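For reference, structure.txt is printed below; it contains compact mmCIF, N, CA and C atoms.
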```txt
# COMPACT_ATOMS: atom_id res chain seq x y z
N MET R 193 17.80 8.43 -13.94
CA MET R 193 17.95 8.26 -12.51
C MET R 193 18.46 6.84 -12.26
N PRO R 194 19.51 6.68 -11.46
CA PRO R 194 20.01 5.34 -11.16
C PRO R 194 18.99 4.55 -10.34
N ALA R 195 19.03 3.25 -10.47
CA ALA R 195 18.11 2.38 -9.73
C ALA R 195 18.93 1.35 -8.95
N ILE R 196 18.45 1.01 -7.76
CA ILE R 196 19.09 0.03 -6.89
C ILE R 196 18.06 -1.06 -6.60
N ALA R 197 18.45 -2.32 -6.83
CA ALA R 197 17.58 -3.45 -6.49
C ALA R 197 17.85 -3.85 -5.05
N LEU R 198 16.79 -3.93 -4.26
CA LEU R 198 16.91 -4.28 -2.85
C LEU R 198 16.58 -5.76 -2.67
N ALA R 199 17.54 -6.52 -2.14
CA ALA R 199 17.32 -7.94 -1.88
C ALA R 199 16.44 -8.11 -0.66
N ASN R 200 15.67 -9.17 -0.64
CA ASN R 200 14.75 -9.41 0.48
C ASN R 200 15.47 -9.71 1.79
N ASP R 201 16.72 -10.18 1.73
CA ASP R 201 17.43 -10.57 2.95
C ASP R 201 17.99 -9.38 3.74
N ILE R 202 17.85 -8.15 3.24
CA ILE R 202 18.34 -7.00 4.00
C ILE R 202 17.35 -6.53 5.05
N ALA R 203 16.12 -7.01 4.97
CA ALA R 203 15.08 -6.58 5.92
C ALA R 203 15.20 -7.35 7.22
N SER R 204 14.67 -6.77 8.28
CA SER R 204 14.63 -7.43 9.57
C SER R 204 13.61 -8.57 9.53
N ALA R 205 13.48 -9.28 10.62
CA ALA R 205 12.51 -10.39 10.68
C ALA R 205 11.08 -9.88 10.47
N ALA R 206 10.84 -8.63 10.85
CA ALA R 206 9.51 -8.04 10.69
C ALA R 206 9.28 -7.51 9.28
N GLY R 207 10.31 -7.57 8.43
CA GLY R 207 10.17 -7.10 7.06
C GLY R 207 10.45 -5.62 6.88
N ASN R 208 11.06 -4.99 7.90
CA ASN R 208 11.34 -3.56 7.85
C ASN R 208 12.84 -3.32 7.65
N ILE R 209 13.16 -2.11 7.22
CA ILE R 209 14.56 -1.68 7.11
C ILE R 209 14.69 -0.28 7.68
N VAL R 210 15.76 -0.05 8.44
CA VAL R 210 16.02 1.26 9.05
C VAL R 210 16.57 2.18 7.97
N ILE R 211 16.18 3.44 8.02
CA ILE R 211 16.55 4.41 6.99
C ILE R 211 18.07 4.54 6.85
N CYS R 212 18.82 4.48 7.94
CA CYS R 212 20.28 4.62 7.85
C CYS R 212 20.89 3.45 7.09
N LYS R 213 20.41 2.24 7.35
CA LYS R 213 20.90 1.07 6.63
C LYS R 213 20.55 1.18 5.14
N LEU R 214 19.38 1.69 4.86
CA LEU R 214 18.94 1.87 3.47
C LEU R 214 19.85 2.85 2.74
N LEU R 215 20.23 3.94 3.39
CA LEU R 215 21.11 4.93 2.78
C LEU R 215 22.48 4.34 2.46
N VAL R 216 23.01 3.50 3.35
CA VAL R 216 24.32 2.88 3.12
C VAL R 216 24.22 1.87 1.98
N ILE R 217 23.19 1.04 1.97
CA ILE R 217 23.02 0.04 0.92
C ILE R 217 22.84 0.70 -0.44
N ALA R 218 22.12 1.82 -0.47
CA ALA R 218 21.88 2.52 -1.74
C ALA R 218 23.10 3.32 -2.19
N GLY R 219 24.14 3.39 -1.37
CA GLY R 219 25.34 4.12 -1.74
C GLY R 219 25.23 5.62 -1.55
N MET R 220 24.22 6.06 -0.81
CA MET R 220 24.02 7.49 -0.59
C MET R 220 24.79 7.99 0.64
N ALA R 221 25.29 7.07 1.46
CA ALA R 221 26.11 7.41 2.63
C ALA R 221 27.19 6.34 2.75
N LYS R 222 28.36 6.73 3.24
CA LYS R 222 29.47 5.79 3.36
C LYS R 222 29.39 4.96 4.64
N SER R 223 28.71 5.48 5.66
CA SER R 223 28.62 4.78 6.93
C SER R 223 27.29 5.10 7.61
N ASN R 224 26.98 4.32 8.64
CA ASN R 224 25.76 4.59 9.40
C ASN R 224 25.83 5.95 10.08
N GLY R 225 27.01 6.35 10.53
CA GLY R 225 27.17 7.65 11.17
C GLY R 225 26.88 8.79 10.21
N GLU R 226 27.39 8.68 9.00
CA GLU R 226 27.11 9.71 7.99
C GLU R 226 25.62 9.72 7.65
N ALA R 227 25.02 8.54 7.58
CA ALA R 227 23.58 8.45 7.28
C ALA R 227 22.76 9.11 8.38
N ARG R 228 23.10 8.87 9.64
CA ARG R 228 22.39 9.49 10.77
C ARG R 228 22.49 11.01 10.69
N ARG R 229 23.68 11.51 10.35
CA ARG R 229 23.88 12.95 10.25
C ARG R 229 23.02 13.54 9.14
N LEU R 230 22.99 12.89 7.99
CA LEU R 230 22.17 13.37 6.89
C LEU R 230 20.69 13.44 7.27
N VAL R 231 20.22 12.42 7.97
CA VAL R 231 18.80 12.38 8.37
C VAL R 231 18.51 13.46 9.40
N THR R 232 19.34 13.59 10.43
CA THR R 232 19.06 14.57 11.48
C THR R 232 19.18 16.00 10.97
N GLN R 233 19.99 16.23 9.94
CA GLN R 233 20.10 17.57 9.37
C GLN R 233 19.01 17.88 8.35
N GLY R 234 18.13 16.92 8.11
CA GLY R 234 17.00 17.17 7.22
C GLY R 234 17.29 17.04 5.75
N GLY R 235 18.32 16.27 5.39
CA GLY R 235 18.70 16.16 3.99
C GLY R 235 18.20 14.94 3.27
N VAL R 236 17.25 14.19 3.89
CA VAL R 236 16.81 12.93 3.29
C VAL R 236 15.30 12.96 3.08
N GLU R 237 14.87 12.56 1.88
CA GLU R 237 13.45 12.42 1.57
C GLU R 237 13.19 11.04 1.00
N LEU R 238 12.08 10.44 1.40
CA LEU R 238 11.64 9.16 0.87
C LEU R 238 10.16 9.27 0.57
N HIS R 239 9.75 8.87 -0.59
CA HIS R 239 8.35 9.02 -1.05
C HIS R 239 7.94 10.49 -1.08
N GLY R 240 8.88 11.40 -1.26
CA GLY R 240 8.58 12.82 -1.32
C GLY R 240 8.38 13.48 0.03
N GLU R 241 8.59 12.74 1.12
CA GLU R 241 8.44 13.29 2.47
C GLU R 241 9.77 13.26 3.20
N LYS R 242 10.06 14.33 3.94
CA LYS R 242 11.31 14.44 4.68
C LYS R 242 11.33 13.42 5.82
N VAL R 243 12.45 12.74 5.96
CA VAL R 243 12.67 11.79 7.05
C VAL R 243 13.55 12.48 8.08
N THR R 244 13.06 12.61 9.32
CA THR R 244 13.83 13.32 10.35
C THR R 244 14.28 12.42 11.50
N ASP R 245 13.78 11.19 11.55
CA ASP R 245 14.14 10.25 12.61
C ASP R 245 15.13 9.23 12.06
N PRO R 246 16.39 9.22 12.55
CA PRO R 246 17.37 8.28 12.03
C PRO R 246 17.06 6.82 12.38
N ASP R 247 16.12 6.58 13.30
CA ASP R 247 15.74 5.23 13.67
C ASP R 247 14.43 4.80 13.00
N ALA R 248 13.95 5.60 12.05
CA ALA R 248 12.70 5.28 11.36
C ALA R 248 12.86 4.01 10.55
N GLU R 249 11.84 3.16 10.61
CA GLU R 249 11.84 1.91 9.85
C GLU R 249 10.72 1.95 8.82
N PHE R 250 11.00 1.36 7.66
CA PHE R 250 10.02 1.32 6.58
C PHE R 250 9.86 -0.12 6.12
N PRO R 251 8.64 -0.55 5.83
CA PRO R 251 8.45 -1.91 5.29
C PRO R 251 9.14 -2.02 3.94
N LEU R 252 9.90 -3.08 3.76
CA LEU R 252 10.64 -3.27 2.51
C LEU R 252 9.68 -3.36 1.32
N ALA R 253 8.51 -3.95 1.53
CA ALA R 253 7.53 -4.09 0.45
C ALA R 253 7.03 -2.73 -0.06
N SER R 254 7.02 -1.71 0.81
CA SER R 254 6.51 -0.40 0.42
C SER R 254 7.55 0.44 -0.34
N LEU R 255 8.77 -0.07 -0.44
CA LEU R 255 9.84 0.71 -1.08
C LEU R 255 10.00 0.42 -2.56
N ASN R 256 9.22 -0.49 -3.11
CA ASN R 256 9.33 -0.80 -4.53
C ASN R 256 8.93 0.42 -5.35
N ASN R 257 9.85 0.84 -6.24
CA ASN R 257 9.65 1.98 -7.13
C ASN R 257 9.61 3.32 -6.39
N ALA R 258 10.12 3.36 -5.16
CA ALA R 258 10.18 4.61 -4.39
C ALA R 258 11.43 5.38 -4.79
N VAL R 259 11.40 6.69 -4.59
CA VAL R 259 12.55 7.54 -4.88
C VAL R 259 13.14 8.01 -3.55
N LEU R 260 14.44 7.77 -3.39
CA LEU R 260 15.18 8.21 -2.22
C LEU R 260 16.02 9.41 -2.65
N LYS R 261 15.86 10.53 -1.95
CA LYS R 261 16.56 11.76 -2.29
C LYS R 261 17.45 12.17 -1.12
N VAL R 262 18.70 12.50 -1.45
CA VAL R 262 19.64 12.99 -0.44
C VAL R 262 20.21 14.30 -0.95
N GLY R 263 20.01 15.35 -0.20
CA GLY R 263 20.46 16.67 -0.62
C GLY R 263 19.61 17.19 -1.76
N ALA R 264 20.18 18.11 -2.51
CA ALA R 264 19.40 18.75 -3.57
C ALA R 264 19.48 18.01 -4.90
N ARG R 265 20.54 17.22 -5.11
CA ARG R 265 20.75 16.67 -6.45
C ARG R 265 20.99 15.18 -6.51
N ARG R 266 20.95 14.48 -5.42
CA ARG R 266 21.25 13.04 -5.45
C ARG R 266 19.96 12.24 -5.27
N TYR R 267 19.61 11.47 -6.30
CA TYR R 267 18.40 10.67 -6.31
C TYR R 267 18.74 9.23 -6.65
N VAL R 268 17.94 8.29 -6.16
CA VAL R 268 18.04 6.89 -6.56
C VAL R 268 16.65 6.28 -6.47
N ARG R 269 16.32 5.45 -7.45
CA ARG R 269 15.04 4.72 -7.43
C ARG R 269 15.28 3.36 -6.79
N LEU R 270 14.42 2.98 -5.85
CA LEU R 270 14.54 1.70 -5.15
C LEU R 270 13.62 0.69 -5.80
N LEU R 271 14.14 -0.47 -6.12
CA LEU R 271 13.35 -1.54 -6.73
C LEU R 271 13.49 -2.81 -5.89
N SER R 272 12.44 -3.58 -5.81
CA SER R 272 12.53 -4.85 -5.08
C SER R 272 13.06 -5.91 -6.03
N SER R 273 13.93 -6.76 -5.51
CA SER R 273 14.46 -7.82 -6.36
C SER R 273 13.53 -9.02 -6.27
N ASP R 274 13.49 -9.82 -7.31
CA ASP R 274 12.59 -10.98 -7.36
C ASP R 274 13.35 -12.26 -7.11
N GLU R 275 14.15 -12.26 -6.04
CA GLU R 275 14.93 -13.46 -5.73
C GLU R 275 14.18 -14.33 -4.77
```

Target encoding structure tokens, full file:
Amino acid sequence: MPAIALANDIASAAGNIVICKLLVIAGMAKSNGEARRLVTQGGVELHGEKVTDPDAEFPLASLNNAVLKVGARRYVRLLSSDE
């Protein structure tokens, strides 16, 4: 399974990241619009749970070693970078 290191500077001031931005950074969507469509159509899972709100925010600290799934066959492991 491919792994993506997430830099600390991608999070908001509160330390959260929006699911659509996460999908684009992880290379699972080409644009925010495509990411929103994937989420609203029910094709995105994070931590094994379906994400249905395209405006959902997740704490960056909670994403270390999490699996992001898009569709039936596309997976990526999220890792926190130690920068």

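Of the residues under consideration (R:Gly263, R:Pro194, R:Gly207, R:Gly219), R:Gly263 shows the shortest atom-to-atom contact distance to R:Val236 when counting only N, CA and C atoms.
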
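With only C-alpha atoms as the basis for measurement, R:Asp201 is the residue among R:Asp245, R:Glu226, R:Glu237, R:Asp201 that approaches R:Ser272 most closely.
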
message: Could you list, as a PyMOL selection string, every residue within 8 Å of R:Val259, counting all atoms listed in the file and ignoring same-chain residues fewer than 6 positions away?
response: chain R and resi 237-240+267-271

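Between atom CA of R:Val243 and atom CA of R:Leu215 the separation is 11.7 Å.
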
Let me know the centre plus edge lengths, in Å and rounded to one decimal, of a box with edges along x, y and z that contains all listed atoms of stretch 209-215 of chain R and is padded by 3 Å on every side, as lines of an AutoDock Vina configuration file.
```
center_x = 17.8
center_y = 1.4
center_z = 5.8
size_x = 15.3
size_y = 13.0
size_z = 12.6
```

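Counting only N, CA and C atoms and comparing R:Cys212, R:Ala205, R:Met220, R:Ala199, the residue that lies closest to R:Arg266 is R:Met220.
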
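Considering only chain R, backbone DSSP assigns strand (DSSP E or B) to Ala195, Ile196, Ala197, Leu198, Asn208, Ile209, Val210, Val236, Glu237, Leu238, Glu241, Lys242, Glu249, Phe250, Pro251, Ala258, Val259, Leu260, Lys261, Val262, Arg266, Tyr267, Val268, Arg269, Leu270, Leu271 and Ser272 of chain R.
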
message: DSSP on the backbone, alpha helix (DSSP H) only: what residues of chain R does that give? Format it as a VMD selection string.
response: chain R and resid 211 to 217 224 to 232

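Atom C of R:Ile196 sits 20.2 Å away from atom N of R:Ala248.
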
query: For R:Ala253, which residue among R:Val231, R:Ser223, R:Leu214, R:Ala203 is the nearest when counting only C-alpha atoms?
result: R:Ala203

message: Report, in Å with one decimal, the straight-line distance from atom C of R:Val210 to atom CA of R:Glu241.
response: 14.8 Å

Among the residues R:Ala264, R:Leu255, R:Ile217, R:Ala197, the one that comes closest to R:Gly235 [using only C-alpha atoms]: R:Ala264

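The nearest approach to R:Ile211 among the residues R:Gly225, R:Leu230, R:Val262, R:Asp247, with only N, CA and C atoms taken into account, belongs to R:Asp247.
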
Could I get stretch 245-265 of chain R rebuilt with N, CA, C and O atoms, written as a PDB file, in the coordinates of the input?
```
ATOM      1  N   ASP R 245      13.780  11.190  11.550  1.00  0.00           N
ATOM      2  CA  ASP R 245      14.140  10.250  12.610  1.00  0.00           C
ATOM      3  C   ASP R 245      15.130   9.230  12.060  1.00  0.00           C
ATOM      4  O   ASP R 245      14.781   8.446  11.182  1.00  0.00           O
ATOM      5  N   PRO R 246      16.390   9.220  12.550  1.00  0.00           N
ATOM      6  CA  PRO R 246      17.370   8.280  12.030  1.00  0.00           C
ATOM      7  C   PRO R 246      17.060   6.820  12.380  1.00  0.00           C
ATOM      8  O   PRO R 246      17.656   5.912  11.822  1.00  0.00           O
ATOM      9  N   ASP R 247      16.120   6.580  13.300  1.00  0.00           N
ATOM     10  CA  ASP R 247      15.740   5.230  13.670  1.00  0.00           C
ATOM     11  C   ASP R 247      14.430   4.800  13.000  1.00  0.00           C
ATOM     12  O   ASP R 247      13.884   3.752  13.331  1.00  0.00           O
ATOM     13  N   ALA R 248      13.950   5.600  12.050  1.00  0.00           N
ATOM     14  CA  ALA R 248      12.700   5.280  11.360  1.00  0.00           C
ATOM     15  C   ALA R 248      12.860   4.010  10.550  1.00  0.00           C
ATOM     16  O   ALA R 248      13.881   3.806   9.895  1.00  0.00           O
ATOM     17  N   GLU R 249      11.840   3.160  10.610  1.00  0.00           N
ATOM     18  CA  GLU R 249      11.840   1.910   9.850  1.00  0.00           C
ATOM     19  C   GLU R 249      10.720   1.950   8.820  1.00  0.00           C
ATOM     20  O   GLU R 249       9.655   2.491   9.074  1.00  0.00           O
ATOM     21  N   PHE R 250      11.000   1.360   7.660  1.00  0.00           N
ATOM     22  CA  PHE R 250      10.020   1.320   6.580  1.00  0.00           C
ATOM     23  C   PHE R 250       9.860  -0.120   6.120  1.00  0.00           C
ATOM     24  O   PHE R 250      10.857  -0.845   6.011  1.00  0.00           O
ATOM     25  N   PRO R 251       8.640  -0.550   5.830  1.00  0.00           N
ATOM     26  CA  PRO R 251       8.450  -1.910   5.290  1.00  0.00           C
ATOM     27  C   PRO R 251       9.140  -2.020   3.940  1.00  0.00           C
ATOM     28  O   PRO R 251       8.985  -1.153   3.073  1.00  0.00           O
ATOM     29  N   LEU R 252       9.900  -3.080   3.760  1.00  0.00           N
ATOM     30  CA  LEU R 252      10.640  -3.270   2.510  1.00  0.00           C
ATOM     31  C   LEU R 252       9.680  -3.360   1.320  1.00  0.00           C
ATOM     32  O   LEU R 252       9.976  -2.862   0.251  1.00  0.00           O
ATOM     33  N   ALA R 253       8.510  -3.950   1.530  1.00  0.00           N
ATOM     34  CA  ALA R 253       7.530  -4.090   0.450  1.00  0.00           C
ATOM     35  C   ALA R 253       7.030  -2.730  -0.060  1.00  0.00           C
ATOM     36  O   ALA R 253       6.689  -2.583  -1.226  1.00  0.00           O
ATOM     37  N   SER R 254       7.020  -1.710   0.810  1.00  0.00           N
ATOM     38  CA  SER R 254       6.510  -0.400   0.420  1.00  0.00           C
ATOM     39  C   SER R 254       7.550   0.440  -0.340  1.00  0.00           C
ATOM     40  O   SER R 254       7.231   1.514  -0.823  1.00  0.00           O
ATOM     41  N   LEU R 255       8.770  -0.070  -0.440  1.00  0.00           N
ATOM     42  CA  LEU R 255       9.840   0.710  -1.080  1.00  0.00           C
ATOM     43  C   LEU R 255      10.000   0.420  -2.560  1.00  0.00           C
ATOM     44  O   LEU R 255      10.854   1.020  -3.213  1.00  0.00           O
ATOM     45  N   ASN R 256       9.220  -0.490  -3.110  1.00  0.00           N
ATOM     46  CA  ASN R 256       9.330  -0.800  -4.530  1.00  0.00           C
ATOM     47  C   ASN R 256       8.930   0.420  -5.350  1.00  0.00           C
ATOM     48  O   ASN R 256       7.868   0.997  -5.171  1.00  0.00           O
ATOM     49  N   ASN R 257       9.850   0.840  -6.240  1.00  0.00           N
ATOM     50  CA  ASN R 257       9.650   1.980  -7.130  1.00  0.00           C
ATOM     51  C   ASN R 257       9.610   3.320  -6.390  1.00  0.00           C
ATOM     52  O   ASN R 257       9.118   4.313  -6.918  1.00  0.00           O
ATOM     53  N   ALA R 258      10.120   3.360  -5.160  1.00  0.00           N
ATOM     54  CA  ALA R 258      10.180   4.610  -4.390  1.00  0.00           C
ATOM     55  C   ALA R 258      11.430   5.380  -4.790  1.00  0.00           C
ATOM     56  O   ALA R 258      12.419   4.816  -5.255  1.00  0.00           O
ATOM     57  N   VAL R 259      11.400   6.690  -4.590  1.00  0.00           N
ATOM     58  CA  VAL R 259      12.550   7.540  -4.880  1.00  0.00           C
ATOM     59  C   VAL R 259      13.140   8.010  -3.550  1.00  0.00           C
ATOM     60  O   VAL R 259      12.441   8.538  -2.701  1.00  0.00           O
ATOM     61  N   LEU R 260      14.440   7.770  -3.390  1.00  0.00           N
ATOM     62  CA  LEU R 260      15.180   8.210  -2.220  1.00  0.00           C
ATOM     63  C   LEU R 260      16.020   9.410  -2.650  1.00  0.00           C
ATOM     64  O   LEU R 260      16.785   9.327  -3.606  1.00  0.00           O
ATOM     65  N   LYS R 261      15.860  10.530  -1.950  1.00  0.00           N
ATOM     66  CA  LYS R 261      16.560  11.760  -2.290  1.00  0.00           C
ATOM     67  C   LYS R 261      17.450  12.170  -1.120  1.00  0.00           C
ATOM     68  O   LYS R 261      17.008  12.206   0.020  1.00  0.00           O
ATOM     69  N   VAL R 262      18.700  12.500  -1.450  1.00  0.00           N
ATOM     70  CA  VAL R 262      19.640  12.990  -0.440  1.00  0.00           C
ATOM     71  C   VAL R 262      20.210  14.300  -0.950  1.00  0.00           C
ATOM     72  O   VAL R 262      20.777  14.357  -2.044  1.00  0.00           O
ATOM     73  N   GLY R 263      20.010  15.350  -0.200  1.00  0.00           N
ATOM     74  CA  GLY R 263      20.460  16.670  -0.620  1.00  0.00           C
ATOM     75  C   GLY R 263      19.610  17.190  -1.760  1.00  0.00           C
ATOM     76  O   GLY R 263      18.483  16.763  -1.972  1.00  0.00           O
ATOM     77  N   ALA R 264      20.180  18.110  -2.510  1.00  0.00           N
ATOM     78  CA  ALA R 264      19.400  18.750  -3.570  1.00  0.00           C
ATOM     79  C   ALA R 264      19.480  18.010  -4.900  1.00  0.00           C
ATOM     80  O   ALA R 264      18.572  18.117  -5.720  1.00  0.00           O
ATOM     81  N   ARG R 265      20.540  17.220  -5.110  1.00  0.00           N
ATOM     82  CA  ARG R 265      20.750  16.670  -6.450  1.00  0.00           C
ATOM     83  C   ARG R 265      20.990  15.180  -6.510  1.00  0.00           C
ATOM     84  O   ARG R 265      21.276  14.657  -7.582  1.00  0.00           O
TER      85      ARG R 265
END
```
